[in-house]
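All remarks here apply to the structure that follows.
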Amino acid sequence: MTGANDDSSGSDDTGPREDHQAFWADAVADEIEARNPDEPITIKGGVSPSGVPHIGHLNEIMRGYFVAQALRDRGHAVEQVFTSDDKDRLRKMPRTLASLDWEIVGLDEVDAGALGENLGKPLTDVPDPFGCCSSFGAHQTELLRKSAEAMGVPIEIVSNTQLYAEGAFESVTRTVLERRERAREILADYQEKVDDSYVPFSPQCEACGHLTETVTAIDLNSETVDYVCESVEAGNRIIEGCGHEGTATLREGKLPWRFEWPAQWRVLGVDFEPFGKDHAEGSWPSGEEICRELLDTEPPVPMVYEWFTYNGSALSSSSGHVITVDEVLSVLEPEVFRYFFTKDPGRARDFDVRQLDQLVDEFDRFESVCFDRVDATDRERAVAERAYPMVVDSVREERIRIPYTFAAVLGMTDDEALRASMARRSGHLPDDAPEWVVEDALARVENARTWAVRTDNEYNYRLAESLPEISVSASEAAALDSLADLIEREHPDGETLQQQIYDTAREHGIEVGDFFELGYRLFLDQPQGPRLGPFLAAMDRAFVTGRLRRE
RNA sequence: GGGCUGGUAGCUCAGUCCGGCAGAGCGUCUGGCUUUUAACCAGAUGGCCGGGGGUUCAAGUCCCUCCCAGCCCGCCA
């Protein structure tokens with residue numbers, strides 16, 4: 001169905017605060033619907049692709065995604081686009097870069113000169129320092145595309161450079177130049193340094209390729225501007241101009257950001273756009289006014305999102321304190337990370353790798369709430385039922401989750417059959433679980449294992465492949481042998497075995513604590529570990545008895 | 001200097017729009033055999049809701065103000 005709500009004005013009389021939406025994306029969807037937008041409804045995001053794309057940038061995609069899904073669920077056709085603002089000038093050297101395989105490298109490992117010699121040019125005119133893409137901008141855009149793909153979000157990526165090149169911005173640019181007096185007036189309310197000489201267009205110098213700011217003449221008949229390539233200030237530094245005097249068409253240059261953003265809204269027909277708090281007080285209010293006053297277009301429904309921090313401090317492409325989508329997905333299932341973005345965008349949030357188990361536990365609860373397996377408030381249930389289907393690839397109630405920390409423990413072995421049998425014997429997987437359930441449940445093990453290794457936390461065990469070098473006393477040897485016999489004879493369950501370990505230690509006059517440590521050394525080559533009884537009971541019996549006998 | 005956003009239990013977060021007993025999970029503690037062991041179960045513990053003031057029968061929620069963090073505009077460079 002298309003074109004919902006057309007002119008049925010009678011049904012719109014209910015006030016906007018009529019029913020409070022539990023899930024934020026539905027509140028946004030309400031706002032968008034209230035405007036009766038043309039279909040497909042267009043949701044946009046975008047970034048200037050200059051540094052290593054990190055999880056903060058993903059807000060531009062994920063926040064829109066949930067709104068898009070909420071609208072689609074209501075029967076609307078929705079298109080989610082993402083502009084790579086790749087006509088932006090390269091202003092400074094990034095400290096780190098990412099290869100297309102997400103390897104983070106320093107400038108010394110790439111052709112840094114490709115960047116350094118081209119400061120001031122549009123990102124798409126800067127060579128790729130990795131040499132693998134047609135430009136630095138293209139390289140960066142490719143990383144963004146991969147991020148969205150990895151998150152399973154279908155978006156159309158639009159190159160800003162491309163939009164200029166094909167003339168999509170031409171008429172808007174013309175309008176802005178025609179009405180530059182008004183443009184100045186508006187912008188001057190937001191930016192003090194806008195003076196009479198300000199021209200809302202930056203031509204690209206035909207000689208050196210820099211984006212320049214000194215426009216000397218505007219000819220709207222021929223749709224060209226004359227310029228002098230003078231030095232410009234960018235990113236707290238001066239970028240030298242070449243002094244060339246030339247003429248540029250409206251496709252050969254770019255609008256300043258404050259105008260470019262509203263121009264995108266108009267050209268792409270944007271109905272909704274989320275943006276970070278950096279824009280909330282700057283480009284949004286000016287953009288809103290520019291859009292209405294200058295471009296005669298209604299601006300999109302806005303949404304400000306708070307920034308994430310990473311391990312407690314600000315994410316920063318330039319300083320290199322980043323975590324990429326690729327890294328996150330090496331420790332989290334995509335649905336868990338998608339869940340992270342269902343949380344209130346207005347709240348500042350830390351992505352703390354050391355505490356990822358909490359996030360995963362939260363997700364597991366979220367899933368359980370959706371399927372009504374645990375107690376929850378009405379609100380929590382409403383959010384879960386609404387957002388959960390947008391988070392998973394498919395809603396399958398039979399799915400089983402192994403707790404993240406236990407999954408990390410299962411990572412002690414690479415033997416997948418052993419992982420499965422340990423999960424079964426420990427009660428986390430029913431014996432009759434279908435193949436796909438087992439496979440799904442165990443998929444988490446690799447993630448959790450990577451996490452445990454990366455943070456080197458208390459779940460970072462490794463099953464000792466071969467017999468560790470340990471010396472045992474005569475009484476300890478006897479105790480271990482006797483425990484092995486017991487296991488062979490009685491096949492005890494975990495709790496029984498736990499008890500038998502205590503009993504055996506005492507029977508042989510060994511300190512209980514010492515005996516446990518001996519057990520951990522034997523199997524993990526560490527002095528501590530998980531509850532020994534259940535742990536040993538979960539493993540292959542012959543292996544356990546053999547190891548106890550120090551074979 | 002002006003403004004915007006955030007600040008809720010040890011941790012991660014709901015609840016704030018629209019005032020009605022301060023919540024969840026995790027952690028911690030205790031118990032579950034005579035037993036320290038990270039995957040079990042039960043119970044308990046946990047809060048000046050950033051501070052202060054105001055409105056109200058009633059404030060985490062509304063108003064004012066201050067503090068802290070981040071950001072925007074300006075100023076400076």
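Residue numbers start at 1 in each chain; chains themselves are named A, B, ... in the order of the structure tokens; ligands are numbered from 1 in the order shown.
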
Given only C-alpha atoms (C1' of nucleotides), how would the per-residue table for chain A near chain B read, listing every residue at most 7 Å away with its closest atom pair and distance in Å to one decimal, sorted by chain and number, as JSON lines?
{"residue": "A:Tyr190", "atom": "CA", "partner": "B:C73", "partner_atom": "C1'", "distance": 6.9}
{"residue": "A:Lys277", "atom": "CA", "partner": "B:C71", "partner_atom": "C1'", "distance": 6.2}
{"residue": "A:Asp278", "atom": "CA", "partner": "B:C71", "partner_atom": "C1'", "distance": 5.4}
{"residue": "A:Glu281", "atom": "CA", "partner": "B:C72", "partner_atom": "C1'", "distance": 4.7}
{"residue": "A:Gly282", "atom": "CA", "partner": "B:C72", "partner_atom": "C1'", "distance": 5.4}
{"residue": "A:Arg347", "atom": "CA", "partner": "B:G6", "partner_atom": "C1'", "distance": 6.3}
{"residue": "A:Ala348", "atom": "CA", "partner": "B:G6", "partner_atom": "C1'", "distance": 6.0}
{"residue": "A:Gln358", "atom": "CA", "partner": "B:U12", "partner_atom": "C1'", "distance": 6.2}
{"residue": "A:Glu362", "atom": "CA", "partner": "B:G25", "partner_atom": "C1'", "distance": 6.9}
{"residue": "A:Phe406", "atom": "CA", "partner": "B:A39", "partner_atom": "C1'", "distance": 5.8}
{"residue": "A:Glu458", "atom": "CA", "partner": "B:A38", "partner_atom": "C1'", "distance": 6.9}
{"residue": "A:Tyr502", "atom": "CA", "partner": "B:U35", "partner_atom": "C1'", "distance": 6.6}
{"residue": "A:Gln528", "atom": "CA", "partner": "B:U37", "partner_atom": "C1'", "distance": 6.8}
{"residue": "A:Gly529", "atom": "CA", "partner": "B:A38", "partner_atom": "C1'", "distance": 6.6}
{"residue": "A:Pro530", "atom": "CA", "partner": "B:A38", "partner_atom": "C1'", "distance": 5.4}
{"residue": "A:Arg531", "atom": "CA", "partner": "B:U37", "partner_atom": "C1'", "distance": 6.2}

*Could you give me, as JSON, numbers by chain, each residue of region 239-403 of chain A that DSSP assigns to strand (DSSP E or B) when run on this structure's backbone?*
{"A": [239, 245, 246, 247, 248, 249, 253, 254, 272, 273, 274, 275, 276, 301, 302, 303, 304, 305, 308, 309, 310, 313, 314, 316, 321, 349, 350, 351]}

Would you kindly return, as a PDB file with C-alpha atoms (C1' of nucleotides), in the first residue's frame, each protein, DNA or RNA residue with an atom no farther than 12 Å from any atom of Trp284 (chain A), considering only C-alpha atoms (C1' of nucleotides) and excluding same-chain residues fewer than 5 positions away?
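Below you can see part_26.pdb, which holds the result:
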ATOM      1  CA  LEU A 187      23.874  32.922   7.842  1.00  0.00           C
ATOM      2  CA  TYR A 190      24.444  32.151  13.005  1.00  0.00           C
ATOM      3  CA  TRP A 257      28.365  22.932   4.397  1.00  0.00           C
ATOM      4  CA  ARG A 258      25.727  25.225   5.869  1.00  0.00           C
ATOM      5  CA  PHE A 259      24.117  25.453   2.430  1.00  0.00           C
ATOM      6  CA  GLU A 260      25.054  22.068   1.124  1.00  0.00           C
ATOM      7  CA  TRP A 261      23.121  20.237   3.774  1.00  0.00           C
ATOM      8  CA  PRO A 262      19.804  21.974   3.040  1.00  0.00           C
ATOM      9  CA  TRP A 265      17.437  17.846   1.607  1.00  0.00           C
ATOM     10  CA  GLU A 273      17.544  12.996   9.118  1.00  0.00           C
ATOM     11  CA  PRO A 274      19.321  12.145  12.353  1.00  0.00           C
ATOM     12  CA  PHE A 275      22.425  14.113  13.263  1.00  0.00           C
ATOM     13  CA  GLY A 276      24.921  14.365  16.071  1.00  0.00           C
ATOM     14  CA  LYS A 277      24.798  16.997  18.727  1.00  0.00           C
ATOM     15  CA  ASP A 278      27.584  18.917  17.028  1.00  0.00           C
ATOM     16  CA  HIS A 279      25.047  20.000  14.430  1.00  0.00           C
ATOM     17  CA  GLU A 289      16.014  28.511   7.988  1.00  0.00           C
ATOM     18  CA  ILE A 290      17.998  28.324   4.769  1.00  0.00           C
ATOM     19  CA  CYS A 291      15.799  25.493   3.633  1.00  0.00           C
ATOM     20  CA  PRO A 299      13.285  20.752   6.115  1.00  0.00           C
ATOM     21  CA  PRO A 300      13.193  17.124   7.235  1.00  0.00           C
ATOM     22  CA  VAL A 301      12.048  15.910  10.613  1.00  0.00           C
ATOM     23  CA  PRO A 302      15.227  16.207  12.698  1.00  0.00           C
ATOM     24  CA  MET A 303      16.595  14.026  15.435  1.00  0.00           C
ATOM     25  CA  VAL A 304      19.631  14.830  17.547  1.00  0.00           C
TER      26      VAL A 304
ATOM     27  C1'   C B   4      22.132  23.022  23.595  1.00  0.00           C
ATOM     28  C1'   C B  72      27.618  24.629  19.228  1.00  0.00           C
TER      29        C B  72
END

Can you check which parts of region 126-230 of chain A lie within 12 Å of region 375-391 of chain A? Per residue, the shortest pair of atoms and distance in Å to one decimal, counting only C-alpha atoms, sorted by chain and number, as JSON lines.
{"residue": "A:Met151", "atom": "CA", "partner": "A:Val391", "partner_atom": "CA", "distance": 9.9}
{"residue": "A:Gly152", "atom": "CA", "partner": "A:Val391", "partner_atom": "CA", "distance": 9.7}
{"residue": "A:Val153", "atom": "CA", "partner": "A:Val391", "partner_atom": "CA", "distance": 10.3}

*Extract, using only C-alpha atoms (C1' of nucleotides), all DNA, RNA and protein residues at most 12 Å from region 449-455 of chain A, discarding same-chain residues fewer than 3 positions from it, and format them as a ChimeraX atom specification.*
/A:311,327-333,352-357,360,404-414,419,442-446,458-462

Export of the given selection (C-alpha atoms) as a short mmCIF file (atom, residue, chain, number, x, y, z; two decimals), in the first residue's frame:
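Just written: selection.cif:
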data_model
loop_
_atom_site.label_atom_id
_atom_site.label_comp_id
_atom_site.auth_asym_id
_atom_site.auth_seq_id
_atom_site.Cartn_x
_atom_site.Cartn_y
_atom_site.Cartn_z
CA ASN A 311 35.97 2.76 26.80
CA GLU A 327 36.05 -4.90 15.34
CA VAL A 328 32.73 -4.82 17.11
CA LEU A 329 31.36 -7.59 14.95
CA SER A 330 34.33 -9.74 15.85
CA VAL A 331 33.06 -9.77 19.43
CA LEU A 332 29.31 -9.29 19.03
CA GLU A 333 26.64 -10.88 16.91
CA ASP A 352 32.81 -0.37 27.04
CA VAL A 353 34.50 -3.42 25.62
CA ARG A 354 35.38 -4.79 29.04
CA GLN A 355 31.69 -4.92 29.91
CA LEU A 356 30.31 -6.32 26.69
CA ASP A 357 28.93 -9.30 28.57
CA VAL A 360 24.84 -9.23 25.55
CA TYR A 404 28.05 -14.74 26.74
CA THR A 405 30.50 -15.45 29.54
CA PHE A 406 29.81 -19.15 29.31
CA ALA A 407 30.29 -18.95 25.57
CA ALA A 408 33.67 -17.41 26.32
CA VAL A 409 34.45 -20.36 28.56
CA LEU A 410 33.47 -22.76 25.77
CA GLY A 411 36.06 -20.96 23.69
CA MET A 412 38.68 -22.80 25.73
CA THR A 413 38.55 -25.42 23.03
CA ASP A 414 38.45 -25.16 19.25
CA ARG A 419 31.82 -27.13 22.61
CA LEU A 442 27.39 -21.75 19.28
CA ALA A 443 28.01 -18.96 16.79
CA ARG A 444 28.42 -16.75 19.82
CA VAL A 445 31.38 -18.76 21.07
CA GLU A 446 33.83 -17.34 18.55
CA GLU A 458 38.75 -13.96 33.74
CA TYR A 459 37.00 -15.95 31.00
CA ASN A 460 40.12 -16.27 28.95
CA TYR A 461 40.78 -19.96 29.51
CA ARG A 462 42.50 -22.33 27.25
#

*Report the residues of region 10-213 of chain A whose backbone DSSP state falls under alpha helix (DSSP H), written as a PyMOL selection string.*
chain A and resi 24-33+59-73+113-116+136-150+160-165+170-178+180-188

_Please determine, counting only C-alpha atoms (C1' of nucleotides), which residue among B:C68, B:A9, B:A58, B:A22 has the shortest atom-to-atom distance to U45 (chain B)._
B:A9
